[in-house]
Structure formats: structure tokens, C-alpha cells
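Okay, coords20.txt now, which holds compact mmCIF, C-alpha atoms:
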```txt
# COMPACT_ATOMS: atom_id res chain seq x y z
CA MET Q 372 -25.56 -27.67 7.52
CA ARG Q 373 -28.15 -24.98 8.12
CA ASP Q 374 -25.98 -23.59 10.91
CA ARG Q 375 -22.95 -23.72 8.68
CA VAL Q 376 -24.67 -21.67 5.99
CA ALA Q 377 -26.05 -19.20 8.52
CA VAL Q 378 -22.66 -18.64 10.07
CA LEU Q 379 -20.60 -18.55 6.88
CA GLU Q 380 -23.16 -16.21 5.37
CA GLN Q 381 -21.86 -13.68 7.89
CA LEU Q 382 -18.48 -13.91 6.23
CA GLY Q 383 -19.92 -14.12 2.74
CA ALA Q 384 -19.87 -10.46 1.87
CA ALA Q 385 -16.19 -10.53 2.65
CA HIS Q 386 -15.00 -13.79 1.20
CA ARG Q 387 -16.45 -12.87 -2.17
CA HIS Q 388 -14.28 -9.78 -1.98
CA LEU Q 389 -10.96 -11.53 -1.91
CA PRO Q 390 -9.71 -10.66 -4.63
CA LEU Q 391 -13.08 -8.99 -4.62
CA ARG Q 392 -16.22 -8.25 -6.51
CA PRO Q 393 -19.06 -5.84 -5.76
CA ASP Q 394 -21.35 -7.08 -3.00
CA PRO Q 395 -24.65 -8.07 -4.58
CA HIS Q 396 -26.50 -7.68 -1.29
CA GLU Q 397 -27.22 -4.47 0.56
CA ARG Q 398 -26.58 -5.26 4.15
CA HIS Q 399 -25.11 -2.03 5.32
CA GLN Q 400 -27.22 -1.70 8.46
CA GLN Q 401 -26.61 -5.29 9.48
CA VAL Q 402 -22.86 -4.98 9.25
CA ARG Q 403 -22.81 -1.54 10.84
CA ALA Q 404 -24.62 -3.12 13.75
CA GLY Q 405 -21.80 -5.64 13.91
CA GLY Q 406 -19.35 -2.85 14.59
CA PHE Q 407 -17.38 -3.16 11.37
CA ASP Q 408 -18.07 0.34 10.11
CA GLN Q 409 -14.82 1.87 11.30
CA ARG Q 410 -13.45 3.84 8.39
CA PRO Q 411 -9.73 4.35 8.85
CA ALA Q 412 -8.45 7.90 9.26
CA CYS Q 413 -5.20 6.92 7.55
CA GLY Q 414 -3.59 3.89 5.99
CA ALA Q 415 -1.81 2.83 9.14
CA GLN Q 416 -5.05 2.57 11.07
CA VAL Q 417 -6.33 -0.17 8.83
CA ALA Q 418 -4.78 -2.52 11.36
CA ASP Q 419 -7.47 -1.57 13.84
CA ARG Q 420 -10.05 -3.12 11.59
CA GLY Q 421 -8.36 -6.48 11.20
CA PHE Q 422 -8.44 -9.84 12.84
CA THR Q 423 -9.37 -8.51 16.26
CA ALA Q 424 -12.59 -6.96 14.91
CA LEU Q 425 -13.92 -10.39 13.99
CA THR Q 426 -15.03 -12.52 16.93
CA VAL Q 427 -16.86 -15.81 17.27
CA GLU Q 428 -19.36 -14.05 19.51
CA GLY Q 429 -20.06 -11.40 16.89
CA VAL Q 430 -20.44 -13.88 14.06
CA ALA Q 431 -22.67 -16.09 16.22
CA ALA Q 432 -24.88 -13.19 17.26
CA ARG Q 433 -25.38 -11.98 13.71
CA SER Q 434 -26.04 -15.43 12.31
CA GLY Q 435 -28.47 -16.44 15.06
CA VAL Q 436 -26.44 -19.57 15.79
CA HIS Q 437 -25.43 -20.12 19.40
CA LYS Q 438 -21.80 -19.36 20.04
CA THR Q 439 -21.16 -22.74 21.63
CA THR Q 440 -22.26 -24.32 18.34
CA VAL Q 441 -19.82 -22.09 16.48
CA TYR Q 442 -16.98 -22.94 18.86
CA ARG Q 443 -17.76 -26.66 18.63
CA ARG Q 444 -17.83 -26.71 14.86
CA TRP Q 445 -15.02 -24.28 13.95
CA GLY Q 446 -12.99 -23.93 17.14
CA ASN Q 447 -12.09 -20.28 16.55
CA VAL Q 448 -12.26 -17.41 14.09
CA ALA Q 449 -9.38 -18.81 12.04
CA GLY Q 450 -11.30 -22.06 11.59
CA LEU Q 451 -14.37 -20.16 10.49
CA ILE Q 452 -12.33 -18.17 8.01
CA ALA Q 453 -10.66 -21.27 6.59
CA ASP Q 454 -14.06 -22.86 6.00
CA ALA Q 455 -15.50 -19.72 4.43
CA LEU Q 456 -12.50 -19.42 2.09
CA GLU Q 457 -12.83 -23.04 1.07
CA LEU Q 458 -16.40 -22.44 -0.01
CA ALA Q 459 -15.47 -19.17 -1.71
CA GLY Q 460 -12.66 -20.64 -3.80
CA GLY Q 461 -15.11 -22.76 -5.72
CA GLU Q 462 -17.43 -19.86 -6.52
CA PRO Q 463 -17.53 -18.43 -10.02
CA TRP Q 464 -16.11 -14.93 -10.06
CA PRO Q 465 -16.97 -12.16 -12.55
CA VAL Q 466 -13.56 -11.44 -14.07
CA PRO Q 467 -13.30 -7.94 -15.63
CA ASP Q 468 -13.88 -7.97 -19.39
CA THR Q 469 -13.59 -4.41 -20.72
CA GLY Q 470 -12.29 -5.30 -24.17
CA THR Q 471 -8.66 -4.29 -23.57
CA ILE Q 472 -5.90 -5.69 -21.39
CA GLU Q 473 -5.25 -2.22 -19.99
CA GLY Q 474 -8.90 -1.79 -18.97
CA ASP Q 475 -9.11 -5.28 -17.51
CA LEU Q 476 -5.96 -4.98 -15.40
CA ARG Q 477 -7.03 -1.57 -14.12
CA ALA Q 478 -10.45 -2.95 -13.22
CA LEU Q 479 -8.82 -5.89 -11.43
CA ALA Q 480 -6.48 -3.71 -9.35
CA ARG Q 481 -9.32 -1.30 -8.57
CA LEU Q 482 -11.54 -4.16 -7.37
CA VAL Q 483 -8.87 -5.02 -4.83
CA ALA Q 484 -8.37 -1.40 -3.76
CA ASP Q 485 -12.11 -0.67 -3.57
CA GLY Q 486 -12.93 -3.90 -1.76
CA PHE Q 487 -10.50 -3.28 1.08
CA ALA Q 488 -11.54 0.38 1.32
CA ASP Q 489 -15.20 -0.61 1.68
CA PRO Q 490 -16.25 0.14 5.27
CA ARG Q 491 -18.55 -2.85 5.28
CA GLU Q 492 -16.38 -5.53 3.74
CA GLY Q 493 -12.83 -4.26 3.97
CA PRO Q 494 -12.43 -5.14 7.66
CA VAL Q 495 -13.55 -8.72 7.18
CA SER Q 496 -11.35 -9.21 4.10
CA THR Q 497 -8.50 -7.76 6.14
CA ALA Q 498 -9.29 -10.24 8.89
CA PHE Q 499 -8.90 -13.08 6.40
CA VAL Q 500 -5.43 -11.94 5.33
CA SER Q 501 -4.47 -11.38 8.97
CA ALA Q 502 -5.76 -14.76 10.12
CA ALA Q 503 -3.64 -16.48 7.48
CA MET Q 504 -0.54 -14.87 8.97
CA HIS Q 505 -0.86 -16.68 12.26
CA ASP Q 506 -2.95 -19.75 11.56
CA ALA Q 507 -1.74 -22.52 9.27
CA ASP Q 508 -5.24 -23.72 8.32
CA ALA Q 509 -6.29 -20.21 7.38
CA ALA Q 510 -3.04 -19.79 5.41
CA ARG Q 511 -3.65 -22.99 3.44
CA ALA Q 512 -7.24 -21.92 2.78
CA LEU Q 513 -6.16 -18.44 1.66
CA HIS Q 514 -3.49 -19.97 -0.57
CA ALA Q 515 -6.03 -22.26 -2.25
CA PHE Q 516 -8.41 -19.34 -2.60
CA PHE Q 517 -5.82 -17.16 -4.34
CA MET Q 518 -4.76 -20.01 -6.62
CA ALA Q 519 -8.37 -20.30 -7.75
CA ARG Q 520 -8.62 -16.53 -8.25
CA HIS Q 521 -5.32 -16.36 -10.17
CA ASP Q 522 -6.62 -19.12 -12.39
CA GLN Q 523 -9.95 -17.38 -13.02
CA SER Q 524 -8.31 -13.97 -13.55
CA SER Q 525 -5.87 -15.43 -16.04
CA ALA Q 526 -8.70 -15.18 -18.57
CA ILE Q 527 -7.85 -11.47 -18.75
CA VAL Q 528 -4.45 -12.36 -20.14
CA THR Q 529 -5.46 -15.24 -22.39
CA ARG Q 530 -8.08 -12.97 -24.00
CA ALA Q 531 -5.39 -10.32 -24.54
CA VAL Q 532 -3.17 -12.92 -26.20
CA ALA Q 533 -6.08 -13.94 -28.44
CA ARG Q 534 -6.60 -10.28 -29.38
CA GLY Q 535 -2.90 -9.92 -30.19
CA GLU Q 536 -2.24 -7.47 -27.33
CA LEU Q 537 0.30 -9.71 -25.61
CA SER Q 538 2.66 -12.47 -26.71
CA ALA Q 539 1.61 -16.07 -26.14
CA ASP Q 540 4.84 -16.47 -24.14
CA VAL Q 541 3.44 -14.47 -21.21
CA ASP Q 542 2.66 -16.18 -17.89
CA PRO Q 543 -0.99 -15.21 -17.20
CA ALA Q 544 -0.91 -15.73 -13.43
CA GLU Q 545 2.28 -13.68 -13.17
CA VAL Q 546 0.59 -10.73 -14.90
CA VAL Q 547 -2.32 -11.01 -12.45
CA ARG Q 548 0.05 -11.09 -9.47
CA ALA Q 549 2.01 -8.08 -10.78
CA ALA Q 550 -1.19 -6.06 -11.25
CA VAL Q 551 -2.41 -6.53 -7.67
CA ALA Q 552 0.81 -7.01 -5.67
CA PRO Q 553 1.64 -3.28 -5.27
CA VAL Q 554 -1.88 -2.67 -3.92
CA TYR Q 555 -1.58 -5.48 -1.37
CA TYR Q 556 1.96 -4.32 -0.50
CA ARG Q 557 0.67 -0.89 0.49
CA LEU Q 558 -2.32 -2.31 2.35
CA PHE Q 559 -0.58 -4.99 4.39
CA VAL Q 560 3.17 -4.34 4.39
CA SER Q 561 4.08 -0.66 4.10
CA HIS Q 562 0.64 0.51 5.35
CA GLU Q 563 0.41 3.30 2.79
CA PRO Q 564 -2.83 4.79 1.46
CA VAL Q 565 -4.40 3.10 -1.57
CA ASP Q 566 -6.59 4.84 -4.13
CA ALA Q 567 -7.58 4.49 -7.78
CA ALA Q 568 -4.34 6.12 -8.94
CA VAL Q 569 -2.30 3.55 -7.02
CA ALA Q 570 -4.36 0.75 -8.58
CA ASP Q 571 -3.97 2.20 -12.07
CA ARG Q 572 -0.23 2.51 -11.71
CA ALA Q 573 0.04 -1.09 -10.47
CA ALA Q 574 -1.94 -2.23 -13.50
CA GLY Q 575 0.14 -0.06 -15.83
CA GLY Q 576 3.36 -1.44 -14.40
CA ALA Q 577 2.20 -5.02 -14.86
CA LEU Q 578 1.17 -4.34 -18.44
CA ALA Q 579 4.48 -2.66 -19.31
CA ALA Q 580 6.40 -5.56 -17.77
CA ALA Q 581 4.26 -8.08 -19.65
CA ARG Q 582 4.75 -6.26 -22.97
CA ALA Q 583 8.50 -6.17 -22.41
CA GLY Q 584 8.57 -9.95 -21.91
CA ALA Q 585 9.61 -9.66 -18.25
CA LEU Q 586 6.64 -11.79 -17.14
CA ASN Q 587 7.05 -14.58 -19.68
CA ALA Q 588 6.56 -18.15 -18.54
CA SER Q 589 10.13 -19.02 -19.48
CA VAL Q 590 11.79 -16.10 -17.69
CA MET A 981 17.63 2.17 29.09
CA ARG A 982 19.85 -0.86 29.69
CA ASP A 983 16.73 -3.01 29.87
CA ARG A 984 15.39 -1.43 26.72
CA VAL A 985 18.53 -2.25 24.77
CA ALA A 986 18.69 -5.78 26.17
CA VAL A 987 15.11 -6.49 25.22
CA LEU A 988 15.12 -4.81 21.83
CA GLU A 989 18.39 -6.55 21.04
CA GLN A 990 16.32 -9.74 20.97
CA LEU A 991 14.37 -8.29 18.08
CA GLY A 992 17.41 -6.73 16.46
CA ALA A 993 18.38 -9.56 14.17
CA ALA A 994 14.90 -9.32 12.73
CA HIS A 995 14.23 -5.61 12.52
CA ARG A 996 17.38 -5.12 10.49
CA HIS A 997 15.89 -7.59 8.03
CA LEU A 998 12.86 -5.55 7.14
CA PRO A 999 13.43 -4.86 4.15
CA LEU A 1000 16.50 -6.69 5.23
CA ARG A 1001 20.22 -6.89 5.27
CA PRO A 1002 22.52 -9.77 6.20
CA ASP A 1003 22.78 -10.32 9.93
CA PRO A 1004 26.25 -9.18 10.99
CA HIS A 1005 26.12 -11.31 14.14
CA GLU A 1006 26.22 -15.05 14.34
CA ARG A 1007 23.67 -15.96 16.93
CA HIS A 1008 22.30 -19.15 15.51
CA GLN A 1009 22.42 -21.14 18.73
CA GLN A 1010 20.86 -18.39 20.77
CA VAL A 1011 17.89 -18.02 18.47
CA ARG A 1012 17.50 -21.75 17.97
CA ALA A 1013 17.23 -22.01 21.72
CA GLY A 1014 14.44 -19.45 21.54
CA GLY A 1015 12.38 -21.85 19.50
CA PHE A 1016 12.37 -19.82 16.28
CA ASP A 1017 14.07 -22.46 14.19
CA GLN A 1018 10.93 -23.88 12.62
CA ARG A 1019 11.65 -24.09 8.93
CA PRO A 1020 8.39 -24.26 7.00
CA ALA A 1021 7.65 -27.38 4.99
CA CYS A 1022 5.77 -25.29 2.43
CA GLY A 1023 4.84 -21.70 1.76
CA ALA A 1024 1.50 -21.90 3.50
CA GLN A 1025 3.07 -23.02 6.75
CA VAL A 1026 4.97 -19.78 7.09
CA ALA A 1027 1.96 -18.66 9.10
CA ASP A 1028 3.00 -21.02 11.89
CA ARG A 1029 6.12 -18.97 12.40
CA GLY A 1030 4.44 -15.62 12.77
CA PHE A 1031 3.11 -13.44 15.51
CA THR A 1032 2.27 -16.30 17.84
CA ALA A 1033 5.90 -17.47 17.89
CA LEU A 1034 6.96 -14.22 19.53
CA THR A 1035 5.97 -13.85 23.18
CA VAL A 1036 6.81 -11.39 25.91
CA GLU A 1037 7.92 -14.34 28.04
CA GLY A 1038 10.30 -15.56 25.35
CA VAL A 1039 11.80 -12.15 24.70
CA ALA A 1040 12.15 -11.53 28.44
CA ALA A 1041 13.83 -14.88 29.03
CA ARG A 1042 16.33 -14.40 26.21
CA SER A 1043 17.16 -10.82 27.16
CA GLY A 1044 17.56 -11.53 30.87
CA VAL A 1045 15.03 -8.83 31.74
CA HIS A 1046 12.14 -9.85 33.99
CA LYS A 1047 8.89 -10.26 32.15
CA THR A 1048 7.02 -7.91 34.48
CA THR A 1049 9.50 -5.20 33.46
CA VAL A 1050 8.80 -5.96 29.82
CA TYR A 1051 5.04 -5.87 30.36
CA ARG A 1052 5.27 -2.62 32.32
CA ARG A 1053 7.38 -0.87 29.69
CA TRP A 1054 5.89 -2.18 26.44
CA GLY A 1055 2.52 -3.63 27.41
CA ASN A 1056 2.62 -6.44 24.88
CA VAL A 1057 4.51 -7.86 21.91
CA ALA A 1058 3.02 -5.29 19.54
CA GLY A 1059 4.37 -2.51 21.75
CA LEU A 1060 7.81 -4.12 21.76
CA ILE A 1061 7.73 -4.44 17.99
CA ALA A 1062 6.66 -0.83 17.51
CA ASP A 1063 9.58 0.35 19.65
CA ALA A 1064 12.07 -1.92 17.89
CA LEU A 1065 10.90 -0.68 14.48
CA GLU A 1066 11.20 2.92 15.57
CA LEU A 1067 14.84 2.37 16.48
CA ALA A 1068 15.46 0.41 13.28
CA GLY A 1069 14.04 3.04 10.94
CA GLY A 1070 16.82 5.44 11.88
CA GLU A 1071 19.58 2.89 11.26
CA PRO A 1072 21.77 3.23 8.19
CA TRP A 1073 21.12 0.39 5.79
CA PRO A 1074 23.58 -1.03 3.24
CA VAL A 1075 21.68 -0.48 0.01
CA PRO A 1076 22.80 -2.80 -2.83
CA ASP A 1077 25.32 -1.15 -5.16
CA THR A 1078 26.32 -3.63 -7.87
CA GLY A 1079 26.95 -1.07 -10.61
CA THR A 1080 23.77 -1.71 -12.61
CA ILE A 1081 20.11 -1.08 -11.92
CA GLU A 1082 19.33 -4.67 -12.88
CA GLY A 1083 21.85 -6.03 -10.39
CA ASP A 1084 20.74 -3.68 -7.65
CA LEU A 1085 17.03 -4.44 -7.98
CA ARG A 1086 17.71 -8.18 -8.05
CA ALA A 1087 19.86 -7.87 -4.95
CA LEU A 1088 17.12 -5.88 -3.22
CA ALA A 1089 14.38 -8.39 -4.01
CA ARG A 1090 16.65 -11.28 -3.04
CA LEU A 1091 17.43 -9.64 0.31
CA VAL A 1092 13.71 -9.66 1.07
CA ALA A 1093 13.24 -13.25 -0.11
CA ASP A 1094 16.35 -14.51 1.72
CA GLY A 1095 15.57 -12.62 4.91
CA PHE A 1096 12.12 -14.12 5.32
CA ALA A 1097 13.38 -17.59 4.38
CA ASP A 1098 16.08 -17.42 7.06
CA PRO A 1099 15.12 -19.85 9.82
CA ARG A 1100 16.60 -17.53 12.43
CA GLU A 1101 15.25 -14.17 11.39
CA GLY A 1102 12.35 -14.91 9.08
CA PRO A 1103 9.92 -15.76 11.88
CA VAL A 1104 10.57 -12.55 13.78
CA SER A 1105 10.34 -10.42 10.62
CA THR A 1106 7.08 -12.21 9.86
CA ALA A 1107 5.89 -11.39 13.37
CA PHE A 1108 6.53 -7.71 12.71
CA VAL A 1109 4.38 -7.72 9.55
CA SER A 1110 1.70 -9.74 11.34
CA ALA A 1111 1.66 -7.48 14.40
CA ALA A 1112 1.07 -4.45 12.17
CA MET A 1113 -2.06 -6.11 10.84
CA HIS A 1114 -3.84 -6.07 14.15
CA ASP A 1115 -2.16 -3.36 16.17
CA ALA A 1116 -2.35 0.31 15.17
CA ASP A 1117 0.90 1.29 16.93
CA ALA A 1118 2.79 -1.51 15.23
CA ALA A 1119 1.23 -0.51 11.90
CA ARG A 1120 2.33 3.10 12.29
CA ALA A 1121 5.82 1.95 13.26
CA LEU A 1122 6.05 -0.43 10.32
CA HIS A 1123 4.80 2.30 7.98
CA ALA A 1124 7.48 4.72 9.22
CA PHE A 1125 10.07 1.97 8.92
CA PHE A 1126 9.18 1.23 5.29
CA MET A 1127 9.10 4.92 4.42
CA ALA A 1128 12.67 5.17 5.70
CA ARG A 1129 13.70 2.06 3.76
CA HIS A 1130 12.01 3.26 0.54
CA ASP A 1131 13.89 6.50 0.94
CA GLN A 1132 17.24 4.78 1.49
CA SER A 1133 16.67 2.26 -1.31
CA SER A 1134 15.78 5.04 -3.73
CA ALA A 1135 19.53 5.55 -4.10
CA ILE A 1136 19.46 2.49 -6.38
CA VAL A 1137 17.26 4.41 -8.79
CA THR A 1138 18.90 7.82 -8.51
CA ARG A 1139 22.28 6.20 -9.28
CA ALA A 1140 20.70 4.49 -12.31
CA VAL A 1141 19.39 7.85 -13.50
CA ALA A 1142 22.85 9.35 -13.06
CA ARG A 1143 24.34 6.48 -15.13
CA GLY A 1144 21.74 7.08 -17.84
CA GLU A 1145 20.01 3.72 -17.30
CA LEU A 1146 16.65 5.26 -16.43
CA SER A 1147 14.90 8.54 -17.22
CA ALA A 1148 14.93 11.27 -14.60
CA ASP A 1149 11.11 11.18 -14.75
CA VAL A 1150 10.99 7.89 -12.85
CA ASP A 1151 9.61 7.76 -9.28
CA PRO A 1152 12.39 6.08 -7.28
CA ALA A 1153 10.22 4.81 -4.42
CA GLU A 1154 7.74 3.36 -6.89
CA VAL A 1155 10.49 1.30 -8.54
CA VAL A 1156 11.55 0.03 -5.11
CA ARG A 1157 7.95 -0.93 -4.25
CA ALA A 1158 7.48 -2.69 -7.60
CA ALA A 1159 10.67 -4.70 -7.13
CA VAL A 1160 9.68 -6.10 -3.74
CA ALA A 1161 5.87 -6.14 -3.83
CA PRO A 1162 5.50 -9.47 -5.70
CA VAL A 1163 7.78 -11.13 -3.12
CA TYR A 1164 5.74 -9.78 -0.21
CA TYR A 1165 2.50 -10.68 -2.02
CA ARG A 1166 3.53 -14.33 -2.20
CA LEU A 1167 4.80 -14.36 1.37
CA PHE A 1168 1.86 -12.69 3.11
CA VAL A 1169 -1.15 -12.73 0.80
CA SER A 1170 -1.21 -15.70 -1.57
CA HIS A 1171 1.13 -17.79 0.61
CA GLU A 1172 3.11 -19.10 -2.35
CA PRO A 1173 6.72 -20.26 -2.23
CA VAL A 1174 9.42 -17.64 -2.76
CA ASP A 1175 12.87 -18.31 -4.17
CA ALA A 1176 15.62 -16.47 -6.04
CA ALA A 1177 13.80 -16.89 -9.37
CA VAL A 1178 10.70 -15.23 -7.94
CA ALA A 1179 12.85 -12.36 -6.64
CA ASP A 1180 14.62 -11.98 -10.00
CA ARG A 1181 11.36 -11.88 -11.88
CA ALA A 1182 9.95 -9.25 -9.52
CA ALA A 1183 13.07 -7.14 -10.07
CA GLY A 1184 12.91 -7.69 -13.83
CA GLY A 1185 9.26 -6.68 -13.94
CA ALA A 1186 9.97 -3.49 -12.00
CA LEU A 1187 12.86 -2.59 -14.28
CA ALA A 1188 10.82 -3.20 -17.45
CA ALA A 1189 7.98 -1.09 -16.08
CA ALA A 1190 10.40 1.69 -15.11
CA ARG A 1191 12.05 1.66 -18.53
CA ALA A 1192 8.63 1.86 -20.21
CA GLY A 1193 7.77 4.97 -18.18
CA ALA A 1194 4.97 3.21 -16.29
CA LEU A 1195 6.52 4.14 -12.92
CA ASN A 1196 7.14 7.80 -13.67
CA ALA A 1197 6.40 10.34 -10.97
CA SER A 1198 3.85 12.07 -13.15
CA VAL A 1199 1.90 8.93 -14.10
```
Represent the structure of the file as C-alpha cells.
Amino acid sequence: MRDRVAVLEQLGAAHRHLPLRPDPHERHQQVRAGGFDQRPACGAQVADRGFTALTVEGVAARSGVHKTTVYRRWGNVAGLIADALELAGGEPWPVPDTGTIEGDLRALARLVADGFADPREGPVSTAFVSAAMHDADAARALHAFFMARHDQSSAIVTRAVARGELSADVDPAEVVRAAVAPVYYRLFVSHEPVDAAVADRAAGGALAAARAGALNASV
Amino acid sequence: MRDRVAVLEQLGAAHRHLPLRPDPHERHQQVRAGGFDQRPACGAQVADRGFTALTVEGVAARSGVHKTTVYRRWGNVAGLIADALELAGGEPWPVPDTGTIEGDLRALARLVADGFADPREGPVSTAFVSAAMHDADAARALHAFFMARHDQSSAIVTRAVARGELSADVDPAEVVRAAVAPVYYRLFVSHEPVDAAVADRAAGGALAAARAGALNASV
């Protein structure tokens, strides 16, 4: 158990960032030493920082747990990631609460954009998404993680309904998906740059669609 | 050159499907024989069908080109994929033209959903997206490919503007992104199931956002 915590702690700064919140710990030097501080020159180069940057050896070295112990317990990086995501899904997550649905959705989309742009944590978060694309256990873990995050983030929408900003017919999780999907699309599909303006427009699009009834539960 | 065509032909059914159009060739048996016919039992298992399903050996065997030739020319699967995408980006693509913006955006989102669900071509398309996540050349190639597809698909929006369905202030590529992003988000990030209803709702959300001015070029 002590080994588990030590090892997963190495992924902790990242797993909290999917969908992402500010890292409460300052561990810049530690992660730089791990070789993750490779800021991309352009959107397309984000791929360099993905799955291949995260190795059992690296995680073992940083956690002080012998790599054979890591291999025995988790098998490979995908196994490690699946376990870390499982722990992370149960964590409470500070959902944006700015007082307006517009502010909350912008904050949510910006958390995603900022988290993946972070030179410390972006590469590890990217590794999680990448691992899920070619490992079924990691995919199931990432799915469960996002279901938990959609559920937590739905508070943004239910508060807006309570304030009279949106109709009670809206599907909260669908608004959350719509607010972040264009950011993820640029990051992991079209490999286009992401900035605050991209996040704001994603949030604005989701809000307009929600107001128009296009994201209602019955649609 | 003959070898190049023979090898890339093996990826052809897939690269045409990103963002996707119906496969004009019936090569079910051939691709089944290649071991790609692994229909997922649930959304999360789509990861099983990804990058790892596509090997140099498999492509070489199916194309009749010796694997050492493939290795020498492309280095690895990511190199193959980058080359295939480069060819594909220049191909003309039959953009939906149903007569209404609503019909066109639905058709576009459904092409994406149907293409990745196809047991023949979905796995290879998935491999392309996956490869771009951990190979910079594949990422650049996928980026260029999507830029070309955004550009081609923008005709959907410019026709809608000409018909008076949307304001001329709208950003065509942004409408295209909004219509497909929720489908890709479920496929490759949250690993949720995708069906025609999901595609229709993504298209409907994009259209509502566009009509509200939330996807204008100046926003």
C-alpha cells in the first residue's frame, strides 16, 4: 500500500487535472527532473509529450519504488494509469462556481485548456488520454473517470437552472460535454492550438445551444 | 512507387474515412482476413481496436510488399500513417449536400460516427488518431488532413449563408468543428457509446450555436 501511494503520487498531479484543477503542490523541479518539461513549439508537437514520455522506469525512479515492484504490481504504464484514474474518480473536485452559467462554463473549458498546456502536468494528462486509446483497462478507467467528472460538473448546470438561467429540460452532462469537446477535439484530433479564446468560444457555443433547447434531455 | 501505392492502399479504406466518406470498394473479406473485424462490445473497448491492431507485418502481408521494404521506406506504422494521411488530404471529398444546413450537419456528424463504428474501417481510422497522439510526424499529418477536411466541409456553411440560413458573420470551420467535436470526444476522450442520436444532437448543438452568433468569426 505504501508503494502504491508512492508510485501513484507520481501520477497525482496529472490525474487531478483530468478534467483538471490547479495543482495544489509546487513540484516543478521534481517533474522537470523527470523530463516532462517539454513545452510544445506548436499544437502538432503535443504528440511528442504523450504516452511515450511516461515510462515505468521514470515513475519508479521518482517514487523511490523499485521498478520490478512497479512491473509486478501494475504490469505496464497503462496499468499504472488505470489504477491512478480509479483513485482519482472518487476524489472531490472543485467545480467552478462563479455565479453565472457563462462564467462557470468558461472556467470549466479554460481548466481543460490550461491543464493540458501546463508544461508540468499536460504531458502526463496527455499520456492518460493516449493510453486509453490502445489499452482497454485504461479506456475503462478513463471512461469511469469522465463519468464521475461529468456528474460533478453537472452542478454548474443544475445551479443555472435553479437561478432561472436555463430551462429544467436541459441535460446537464450534455452541456458539460459540449463546453469541453471542442477543446479536446483540437488537442487530440485535429491537433490545433488551444488558448483561452478557444475555450471561451467552446463555452459560448455550449451555452447558446443549451439556451436554444438543443441540449435538452428529451432531444 | 508501385510498392508505395500497394502499401498505402491497405490504409486507403481508412484514411478516406477521416472525417469519413462511404467506402466505394467492397473489401470486407480482405479486411476481415487482416484481423480488423473486432466489433467492440462497448464504447470503452474501442481502445482494443486501435494503434496496436495495425502492424507493419500486417500491412506488408496484405499489400504483398516485403516487410523489410516497408520498414526501410516508412520506418514504422506511424510513418506509414503519416504518408497515407498526406496523400488523403489532397483527395476530393464528397461533402454532404442535402439542401439544408440541418441536414448537412447531421450527415457530417453521422459520417464520423458511422465511419468509426464500421468494423472494417473504424479500427484503422482509430489507429490514425492514436498514432498522432504519440508520434509527431503522424500528428502533423493528421493536423494537415483535418485542416483540408475543415476547408472542404466549410462548403456546408457557405451554402447555408448563400441560402440565408446563417449569417455571413459565421466562421465556417468553427461550425464544422462544433458539429463533430462531441462525437470525437465520446470516441476518444470519455469513451462513451456513439450512435445516430449522439451525432444528431452534436449537429443540432452546432447549428443552434451558429444561429445564436456564438460561432461567429469575430467572437
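Here the question is which of A:Val1075, A:Ala1112, A:Val1137, A:Ala1128 gets nearest to chain Q using all atoms listed in the file, and that residue is A:Ala1112.
The space separating atom CA of Arg534 of chain Q from atom CA of Ala478 of chain Q comes to 18.2 Å.
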Item to complete: Write down, as a PyMOL selection string, each residue of chain Q that has any atom within 7 Å of an atom of chain A, counting only C-alpha atoms.
Response: chain Q and resi 415-416+418-419+421-423+500-501+503-507+510-511+513-514+517+548-549+552-553+555-556+559-563+572+575-576+579-580+583+585-586
Taking all atoms of segment 563-566 of chain Q that the file lists and extending 6 Å past them on each side, where is the centre of the axis-aligned box and how long are its edges? Answer in Å to one decimal, as lines of an AutoDock Vina configuration file.
```
center_x = -3.1
center_y = 4.0
center_z = -0.7
size_x = 19.0
size_y = 13.7
size_z = 18.9
```
Worksheet item: Taking all atoms listed in the file into account, which of Q:Ser434, Q:Gln523, Q:Ser589, Q:Thr529 comes nearest Gly460 of chain Q?
Response: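 Between Q:Ser434, Q:Gln523, Q:Ser589, Q:Thr529, the residue approaching Gly460 of chain Q most closely is Q:Gln523.
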Worksheet entry | Best match for closeness to Ala539 of chain Q among Q:Ala588, Q:Ala526, Q:Ala459, Q:Ala567, counting all atoms listed in the file |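 Counting all atoms listed in the file, the residue closest to Ala539 of chain Q is Q:Ala588.
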Fill in: Selected residue of minimal separation from Asp522 of chain Q among Q:Val483, Q:Asp475, Q:Gly461, Q:Ala453, counting only C-alpha atoms
Q:Gly461
Worksheet item: For Arg1052 of chain A, which residue among A:Leu1146, A:Arg1090, A:Val1104, A:Val1036 is the nearest when counting only C-alpha atoms?
Response: A:Val1036
Item to complete: Kindly give the distance, in Å, that separates atom CA of Ala488 of chain Q and atom CA of Val565 of chain Q, rounded to a single decimal.
Response: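 About the pair atom CA of Ala488 of chain Q and atom CA of Val565 of chain Q: they are 8.2 Å apart.
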